[in-house]
Amino acid sequence: MTRPSFVVLLLIGALARPLAGQTVDTIVVENRNIFEPLGDAPGLLARLGDALHVRTRASVIRRTLLFDQGDRYDSAKVVESERALRGLGVFRNVELDTTHVDGKFGVRVATADGWSTRPQVGFSSAAGDVTWDLGLVEKNLLGTANMVLADYQRTPDRRLVTLLYQAPGFLLRRAGLTVAYEDLSDGGFGFWSYGVPFYETGARAALVTSGSAGRLRVLRFRDGVLADSVRQRVLQLGLSGGVALRATDRDYARLRLFAQWRRGSYGGYAAAAAPDSSALAAGAGLELGRSHFQVVEGLDKYARREDVDVSERLWLGLWAAPRAFGYAPGRAGVGPEIQAQLATAWTHGFAWFHLSADGLLAASGLDSGRVETGVTLMSQALPRQTLVIHAEGGAASNVAPGSEFDLWLDQNGPRAFGAHAFTGTRRYWLVAEDRVLVLHSLLGLFGVGLAPFAEWGGAWYDAERPRTGGDVGLALRLGSTRSTRGEVTEISLGERFQRGYAGGRWAVTVREAVDFSGR
């Protein structure tokens with residue numbers, strides 16, 4: 001047997017060099033259009049869609065990456081960059097891998113756009129209570145990943161017009177801007193936020209400003225009907241930031257500082273406006289975390305990879321609201337906060353537990369507080385099936401008007417019941433759902449699935465008997481495989497097995513499916 005030549009040994013040695021020790025000489029961006037490759041989509045429709053769509057600019061893709069040409073190759077930054085690109089919400093597929101171009105080492109970034117311009121047509125119905133909206137949303141304006149939205153919505157309670165603009169890299173590379181305004185039939189409310197968050201696990205600092213202002217009617221419901229309402233007037237300015245005491249590609253320790261100035265009042269809707277009062281609160285906290293994400297398919301969307309956050313985190317914070325900052329004697333005090341997440345993942349599933357609690361401790365004791373917790377188990381051990389078991393609950397005390405739990409608004413209660421059927425300061429929800437993929441792609445445009453479900457839950461005020469209910473049924477799941485985010489709409493037929501609520505024994509519900517990866 002002949003020995004390998006010296007040249008061959010050099011080539012083997014070069015190929016065997018660890019990637020982490022190499023310099024990224026070039027970054028190759030391949031930004032494909034919506035229907036590239038064509039696949040099984042109708043040819044005329046595909047050509048028309050690609051002609052009308054402005055594909056995402058290469059500069060936007062490069063700006064989102066967490067590394068630059070000339071940096072040392074870091075596999076963790078590559079993985080996090082892929083996740084950051086998916087987080088823009090404009091792609092249906094993202095892939096990063098290494099390559100060589102003209103003898104130079106590089107990273108290849110391959111993206112496939114989703115359809116980003118669409119009418120905002122929504123309809124949901126539960127036990128006869130109908131909500132609908134009509135508008136237009138562009139999630140990738142001129143290929144910049146900027147989002148604009150104009151929407152008219154009608155609910156059983158009010159009508160509202162929503163205008164929104166979002167830019168992920170406004171003026172500065174990592175700075176995000178959000179501006180929104182809602183014109184309601186009984187008021188108006190505006191919000192803005194701008195700044196640089198902790199955009200990656202190894203980020204060293206963050207600084208974000210925000211504000212809101214409005215006059216609106218706050219509705220309070222009991223037993224499914226409007227109990228009373230108050231008029232709210234508010235102007236709020238906030239500033240938050242932090243520095244990393246420790247930051248690697250896997251874990252971090254962050255010191256956060258925050259302050260909030262608020263001016264406003266509550267008053268009876270028919271009465272004269274109460275005088276405004278202003279107050280300032282400030283605080284600090286420590287956040288510890290170990291970052292880990294599980295990439296799955298078929299959990300909440302069709303034909304795309306989803307990033308599920310199975311990190312471990314602990315947040316301990318403390319607000320100061322003294323009388324010297326404008327708080328009334330009975331409401332001045334300190335506000336502790338705690339948030340924790342524990343999680344584990346395996347080849348075909350994950351489980352996580354979440355806890356959050358906050359409150360205001362005054363001289364007389366607990367002024368107000370809230371505790372919420374939840375646990376989720378997901379398994380994809382069986383082909384084409386995603387089994388989800390989820391439980392969550394919460395309790396609140398002396399919360400501001402409009403901050404009570406409403407399971408219809410938050411989509412965390414039995415789906416076959418009508419608007420505001422479950423409201424209060426105590427709540428829980430148990431649900432088991434088996435999401436079965438029937439067709440991966442119908443005409444190259446839609447995914448089709450079925451989901452048998454069973455659930456039980458409710459919400460009530462602490463002075464009441466528990467108000468609960470449950471249902472079992474089957475949901476037809478339809479989701480776009482070519483759009484940006486691939487939201488799934490479900491049409492559910494459910495049998496209710498609790499009496500005392502409006503409507504019959506059976507109910508048909510049309511709504512956007514619950515996103516369990518974001519709970």
# chains A, B, ... in the order shown; residues from 1 in each chain; ligands from 1
call {"tool": "residues_around", "arguments": {"residues": "range 457-473 of chain A", "least_positions_apart": "4", "cutoff": "7 Å", "atoms": "only C-alpha atoms", "output": "list of chain:residue names"}}
result
A:Gly413, A:Pro414, A:Ala416, A:Phe422, A:Thr423, A:Gly424, A:Thr425, A:Arg426, A:Arg427, A:Tyr428, A:Trp429, A:Leu430, A:Pro452, A:Phe453, A:Ser492, A:Leu493, A:Gly494, A:Glu495, A:Arg496, A:Phe497, A:Gln498
call {"tool": "write_last_selection", "arguments": {"atoms": "C-alpha atoms", "output": "PDB file, in the first residue's frame"}}
result
ATOM      1  CA  GLY A 413     -59.632  29.169  28.265  1.00  0.00           C
ATOM      2  CA  PRO A 414     -62.190  26.718  26.821  1.00  0.00           C
ATOM      3  CA  ALA A 416     -66.495  26.809  22.905  1.00  0.00           C
ATOM      4  CA  PHE A 422     -64.859  33.698  32.129  1.00  0.00           C
ATOM      5  CA  THR A 423     -63.538  36.844  33.820  1.00  0.00           C
ATOM      6  CA  GLY A 424     -62.212  37.569  37.289  1.00  0.00           C
ATOM      7  CA  THR A 425     -59.208  37.576  39.585  1.00  0.00           C
ATOM      8  CA  ARG A 426     -58.734  33.786  39.699  1.00  0.00           C
ATOM      9  CA  ARG A 427     -58.261  31.553  36.686  1.00  0.00           C
ATOM     10  CA  TYR A 428     -57.020  28.223  35.357  1.00  0.00           C
ATOM     11  CA  TRP A 429     -57.010  26.272  32.085  1.00  0.00           C
ATOM     12  CA  LEU A 430     -56.208  22.633  31.313  1.00  0.00           C
ATOM     13  CA  PRO A 452     -59.088  16.476  18.611  1.00  0.00           C
ATOM     14  CA  PHE A 453     -59.104  18.401  21.894  1.00  0.00           C
ATOM     15  CA  SER A 492     -63.706  23.834  15.847  1.00  0.00           C
ATOM     16  CA  LEU A 493     -66.843  21.879  16.627  1.00  0.00           C
ATOM     17  CA  GLY A 494     -67.104  21.378  20.376  1.00  0.00           C
ATOM     18  CA  GLU A 495     -69.538  19.914  22.869  1.00  0.00           C
ATOM     19  CA  ARG A 496     -69.839  21.881  26.093  1.00  0.00           C
ATOM     20  CA  PHE A 497     -70.408  19.918  29.266  1.00  0.00           C
ATOM     21  CA  GLN A 498     -71.219  22.649  31.756  1.00  0.00           C
TER      22      GLN A 498
END
call {"tool": "residues_around", "arguments": {"residues": "range 47-55 of chain A", "least_positions_apart": "4", "cutoff": "8 Å", "atoms": "only C-alpha atoms", "output": "list in words"}}
result
Asn31, Arg32, Asn33, Ile34, Phe35, Gly43, Asp113, Trp115, Ser116, Thr117, Leu142 and Gly143 of chain A
call {"tool": "select_by_dssp", "arguments": {"residues": "range 340-393 of chain A", "states": "strand (DSSP E)", "output": "ChimeraX atom specification"}}
result
/A:340-346,349-362,365-379,385-393
call {"tool": "write_last_selection", "arguments": {"atoms": "C-alpha atoms", "output": "mmCIF file, in the first residue's frame"}}
result
data_model
loop_
_atom_site.group_PDB
_atom_site.id
_atom_site.type_symbol
_atom_site.label_atom_id
_atom_site.label_comp_id
_atom_site.auth_asym_id
_atom_site.auth_seq_id
_atom_site.Cartn_x
_atom_site.Cartn_y
_atom_site.Cartn_z
ATOM 1 C CA ALA A 340 -38.555 31.838 36.534
ATOM 2 C CA GLN A 341 -38.509 29.306 33.727
ATOM 3 C CA LEU A 342 -37.312 25.727 33.926
ATOM 4 C CA ALA A 343 -37.221 23.575 30.800
ATOM 5 C CA THR A 344 -35.895 20.383 29.316
ATOM 6 C CA ALA A 345 -35.825 19.102 25.745
ATOM 7 C CA TRP A 346 -35.303 15.756 24.044
ATOM 8 C CA GLY A 349 -40.290 16.967 22.431
ATOM 9 C CA PHE A 350 -39.854 19.381 25.299
ATOM 10 C CA ALA A 351 -41.349 20.381 28.644
ATOM 11 C CA TRP A 352 -41.237 23.691 30.457
ATOM 12 C CA PHE A 353 -42.473 25.362 33.619
ATOM 13 C CA HIS A 354 -42.989 29.109 34.047
ATOM 14 C CA LEU A 355 -43.715 31.232 37.118
ATOM 15 C CA SER A 356 -44.152 34.986 37.466
ATOM 16 C CA ALA A 357 -45.197 37.046 40.466
ATOM 17 C CA ASP A 358 -45.229 40.738 41.322
ATOM 18 C CA GLY A 359 -46.858 43.007 43.845
ATOM 19 C CA LEU A 360 -46.777 46.272 45.748
ATOM 20 C CA LEU A 361 -46.036 46.150 49.462
ATOM 21 C CA ALA A 362 -47.285 49.247 51.293
ATOM 22 C CA GLY A 365 -49.435 45.258 53.816
ATOM 23 C CA LEU A 366 -50.026 43.919 50.300
ATOM 24 C CA ASP A 367 -51.608 46.675 48.206
ATOM 25 C CA SER A 368 -51.875 44.668 44.983
ATOM 26 C CA GLY A 369 -50.314 41.603 43.418
ATOM 27 C CA ARG A 370 -50.451 38.975 40.710
ATOM 28 C CA VAL A 371 -49.157 35.393 40.406
ATOM 29 C CA GLU A 372 -49.253 33.290 37.214
ATOM 30 C CA THR A 373 -47.800 29.886 36.429
ATOM 31 C CA GLY A 374 -47.928 27.351 33.627
ATOM 32 C CA VAL A 375 -46.507 24.066 32.390
ATOM 33 C CA THR A 376 -46.366 22.693 28.830
ATOM 34 C CA LEU A 377 -45.510 19.213 27.530
ATOM 35 C CA MET A 378 -45.036 18.635 23.794
ATOM 36 C CA SER A 379 -44.291 15.316 22.093
ATOM 37 C CA GLN A 385 -48.581 14.183 15.118
ATOM 38 C CA THR A 386 -47.904 16.800 17.775
ATOM 39 C CA LEU A 387 -49.379 16.061 21.187
ATOM 40 C CA VAL A 388 -49.668 19.086 23.484
ATOM 41 C CA ILE A 389 -50.687 19.009 27.146
ATOM 42 C CA HIS A 390 -50.838 22.410 28.799
ATOM 43 C CA ALA A 391 -51.942 23.756 32.181
ATOM 44 C CA GLU A 392 -51.838 27.297 33.534
ATOM 45 C CA GLY A 393 -53.397 29.371 36.268
#
call {"tool": "closest_residue", "arguments": {"among": "A:Ala175, A:Asn140, A:Glu200, A:Lys104", "to": "Leu65 in chain A", "atoms": "only C-alpha atoms"}}
result
A:Glu200
call {"tool": "closest_residue", "arguments": {"among": "A:Arg63, A:Arg222, A:Arg256, A:Arg83", "to": "Leu171 in chain A", "atoms": "only C-alpha atoms"}}
result
A:Arg63
call {"tool": "select_by_dssp", "arguments": {"residues": "range 336-515 of chain A", "states": "helix (DSSP H, G or I)", "output": "list in words"}}
result
Leu407, Trp408, Leu409 and Asp410 of chain A
call {"tool": "closest_atom_pairs", "arguments": {"of": "range 245-359 of chain A", "to": "range 505-517 of chain A", "cutoff": "12 Å", "atoms": "only C-alpha atoms", "output": "Markdown table"}}
result
| residue | atom | partner | partner_atom | distance |
| --- | --- | --- | --- | --- |
| A:Phe293 | CA | A:Ser517 | CA | 10.9 |
| A:Gln294 | CA | A:Ser517 | CA | 10.2 |
| A:Val295 | CA | A:Ser517 | CA | 10.7 |
| A:Val296 | CA | A:Ser517 | CA | 9.9 |
| A:Glu297 | CA | A:Ser517 | CA | 11.2 |
| A:Gly298 | CA | A:Ser517 | CA | 11.0 |
| A:Leu299 | CA | A:Ser517 | CA | 7.6 |
| A:Asp300 | CA | A:Asp515 | CA | 5.6 |
| A:Lys301 | CA | A:Asp515 | CA | 8.7 |
| A:Arg305 | CA | A:Ser517 | CA | 11.9 |
| A:Glu306 | CA | A:Ser517 | CA | 8.3 |
| A:Asp307 | CA | A:Ser517 | CA | 7.9 |
| A:Val308 | CA | A:Ser517 | CA | 5.6 |
| A:Asp309 | CA | A:Ser517 | CA | 7.5 |
| A:Val310 | CA | A:Ser517 | CA | 9.5 |
| A:Gly349 | CA | A:Ser517 | CA | 11.7 |
| A:Phe350 | CA | A:Ser517 | CA | 10.4 |
| A:Ala351 | CA | A:Ser517 | CA | 10.8 |
| A:Trp352 | CA | A:Ser517 | CA | 10.3 |
call {"tool": "residues_around", "arguments": {"residues": "Gly214 in chain A", "least_positions_apart": "3", "cutoff": "9 Å", "atoms": "only C-alpha atoms", "output": "list of chain:residue names"}}
result
A:Gly187, A:Gly188, A:Phe189, A:Gly190, A:Phe191, A:Gln232, A:Arg233, A:Val234, A:Leu235
call {"tool": "residues_around", "arguments": {"residues": "range 224-226 of chain A", "least_positions_apart": "3", "cutoff": "6 Å", "atoms": "only C-alpha atoms", "output": "list in words"}}
result
Phe221, His420 and Ala421 of chain A
call {"tool": "write_last_selection", "arguments": {"atoms": "all heavy atoms", "output": "tab-separated table (two decimals), in the first residue's frame"}}
result
chain	number	residue	atom	x	y	z
A	221	PHE	N	-66.19	43.05	33.28
A	221	PHE	CA	-67.25	42.08	33.03
A	221	PHE	C	-67.39	41.13	34.21
A	221	PHE	O	-66.43	40.78	34.88
A	221	PHE	CB	-66.94	41.28	31.77
A	221	PHE	CG	-66.95	42.09	30.51
A	221	PHE	CD1	-65.81	42.76	30.08
A	221	PHE	CD2	-68.11	42.21	29.76
A	221	PHE	CE1	-65.82	43.52	28.93
A	221	PHE	CE2	-68.12	42.98	28.61
A	221	PHE	CZ	-66.98	43.63	28.19
A	420	HIS	N	-66.21	36.95	27.07
A	420	HIS	CA	-66.20	37.33	28.48
A	420	HIS	C	-66.98	36.34	29.37
A	420	HIS	O	-67.43	36.70	30.45
A	420	HIS	CB	-66.77	38.73	28.67
A	420	HIS	CG	-66.26	39.74	27.69
A	420	HIS	ND1	-64.92	40.07	27.61
A	420	HIS	CD2	-66.89	40.46	26.72
A	420	HIS	CE1	-64.77	40.97	26.64
A	420	HIS	NE2	-65.94	41.22	26.09
A	421	ALA	N	-67.11	35.09	28.91
A	421	ALA	CA	-67.79	34.08	29.74
A	421	ALA	C	-67.02	33.83	31.02
A	421	ALA	O	-67.62	33.52	32.06
A	421	ALA	CB	-67.95	32.78	28.96
call {"tool": "residues_around", "arguments": {"residues": "Gln120 in chain A", "least_positions_apart": "2", "cutoff": "10 Å", "atoms": "only C-alpha atoms", "output": "PDB file with N, CA, C and O atoms, in the first residue's frame"}}
result
ATOM      1  N   THR A 117     -47.619  40.611   1.761  1.00  0.00           N
ATOM      2  CA  THR A 117     -48.689  41.585   1.545  1.00  0.00           C
ATOM      3  C   THR A 117     -50.012  40.843   1.463  1.00  0.00           C
ATOM      4  O   THR A 117     -50.191  40.003   0.595  1.00  0.00           O
ATOM      5  N   ARG A 118     -50.899  41.155   2.381  1.00  0.00           N
ATOM      6  CA  ARG A 118     -52.168  40.432   2.322  1.00  0.00           C
ATOM      7  C   ARG A 118     -53.266  41.247   2.984  1.00  0.00           C
ATOM      8  O   ARG A 118     -53.009  42.047   3.885  1.00  0.00           O
ATOM      9  N   GLY A 122     -60.146  38.830   9.166  1.00  0.00           N
ATOM     10  CA  GLY A 122     -60.251  37.929  10.300  1.00  0.00           C
ATOM     11  C   GLY A 122     -61.685  37.750  10.733  1.00  0.00           C
ATOM     12  O   GLY A 122     -62.521  38.649  10.602  1.00  0.00           O
ATOM     13  N   ASP A 133     -62.523  41.507  11.522  1.00  0.00           N
ATOM     14  CA  ASP A 133     -61.704  42.663  11.182  1.00  0.00           C
ATOM     15  C   ASP A 133     -61.370  42.636   9.707  1.00  0.00           C
ATOM     16  O   ASP A 133     -61.378  41.577   9.061  1.00  0.00           O
ATOM     17  N   LEU A 134     -61.064  43.807   9.176  1.00  0.00           N
ATOM     18  CA  LEU A 134     -60.746  43.974   7.763  1.00  0.00           C
ATOM     19  C   LEU A 134     -59.680  45.054   7.647  1.00  0.00           C
ATOM     20  O   LEU A 134     -59.830  46.147   8.191  1.00  0.00           O
ATOM     21  N   GLY A 135     -58.604  44.736   6.948  1.00  0.00           N
ATOM     22  CA  GLY A 135     -57.531  45.705   6.806  1.00  0.00           C
ATOM     23  C   GLY A 135     -56.471  45.216   5.833  1.00  0.00           C
ATOM     24  O   GLY A 135     -56.703  44.317   5.030  1.00  0.00           O
ATOM     25  N   LEU A 136     -55.296  45.805   5.943  1.00  0.00           N
ATOM     26  CA  LEU A 136     -54.177  45.458   5.072  1.00  0.00           C
ATOM     27  C   LEU A 136     -52.903  45.489   5.896  1.00  0.00           C
ATOM     28  O   LEU A 136     -52.671  46.420   6.682  1.00  0.00           O
ATOM     29  N   VAL A 137     -52.063  44.460   5.699  1.00  0.00           N
ATOM     30  CA  VAL A 137     -50.793  44.397   6.405  1.00  0.00           C
ATOM     31  C   VAL A 137     -49.695  44.079   5.402  1.00  0.00           C
ATOM     32  O   VAL A 137     -49.870  43.247   4.509  1.00  0.00           O
ATOM     33  N   GLU A 138     -48.579  44.779   5.525  1.00  0.00           N
ATOM     34  CA  GLU A 138     -47.369  44.514   4.743  1.00  0.00           C
ATOM     35  C   GLU A 138     -46.236  44.283   5.742  1.00  0.00           C
ATOM     36  O   GLU A 138     -45.828  45.205   6.455  1.00  0.00           O
ATOM     37  N   LEU A 149     -49.340  48.327   9.133  1.00  0.00           N
ATOM     38  CA  LEU A 149     -50.648  47.692   9.270  1.00  0.00           C
ATOM     39  C   LEU A 149     -51.717  48.746   9.447  1.00  0.00           C
ATOM     40  O   LEU A 149     -51.533  49.732  10.174  1.00  0.00           O
ATOM     41  N   ALA A 150     -52.834  48.545   8.771  1.00  0.00           N
ATOM     42  CA  ALA A 150     -54.028  49.357   8.963  1.00  0.00           C
ATOM     43  C   ALA A 150     -55.198  48.393   9.046  1.00  0.00           C
ATOM     44  O   ALA A 150     -55.390  47.563   8.141  1.00  0.00           O
ATOM     45  N   ASP A 151     -55.970  48.462  10.132  1.00  0.00           N
ATOM     46  CA  ASP A 151     -56.977  47.441  10.360  1.00  0.00           C
ATOM     47  C   ASP A 151     -58.193  48.034  11.055  1.00  0.00           C
ATOM     48  O   ASP A 151     -58.061  48.877  11.953  1.00  0.00           O
ATOM     49  N   TYR A 152     -59.376  47.600  10.607  1.00  0.00           N
ATOM     50  CA  TYR A 152     -60.634  47.946  11.265  1.00  0.00           C
ATOM     51  C   TYR A 152     -61.193  46.688  11.902  1.00  0.00           C
ATOM     52  O   TYR A 152     -61.317  45.649  11.235  1.00  0.00           O
ATOM     53  N   GLN A 153     -61.518  46.758  13.192  1.00  0.00           N
ATOM     54  CA  GLN A 153     -62.009  45.578  13.908  1.00  0.00           C
ATOM     55  C   GLN A 153     -63.306  45.902  14.628  1.00  0.00           C
ATOM     56  O   GLN A 153     -63.480  46.990  15.177  1.00  0.00           O
TER      57      GLN A 153
END
call {"tool": "residues_around", "arguments": {"residues": "range 236-252 of chain A", "least_positions_apart": "3", "cutoff": "8 Å", "atoms": "only C-alpha atoms", "output": "ChimeraX atom specification"}}
result
/A:76-77,197,201-213,255-263,287-292
call {"tool": "residues_around", "arguments": {"residues": "His100 in chain A", "least_positions_apart": "3", "cutoff": "10 Å", "atoms": "only C-alpha atoms", "output": "ChimeraX atom specification"}}
result
/A:24-26,28,103-108
call {"tool": "closest_residue", "arguments": {"among": "A:Arg220, A:Arg57, A:Arg92, A:Arg72", "to": "Asn146 in chain A", "atoms": "only C-alpha atoms"}}
result
A:Arg57
call {"tool": "atom_distance", "arguments": {"atom1": "CA of Thr155 in chain A", "atom2": "CA of Ser229 in chain A"}}
result
16.6 Å
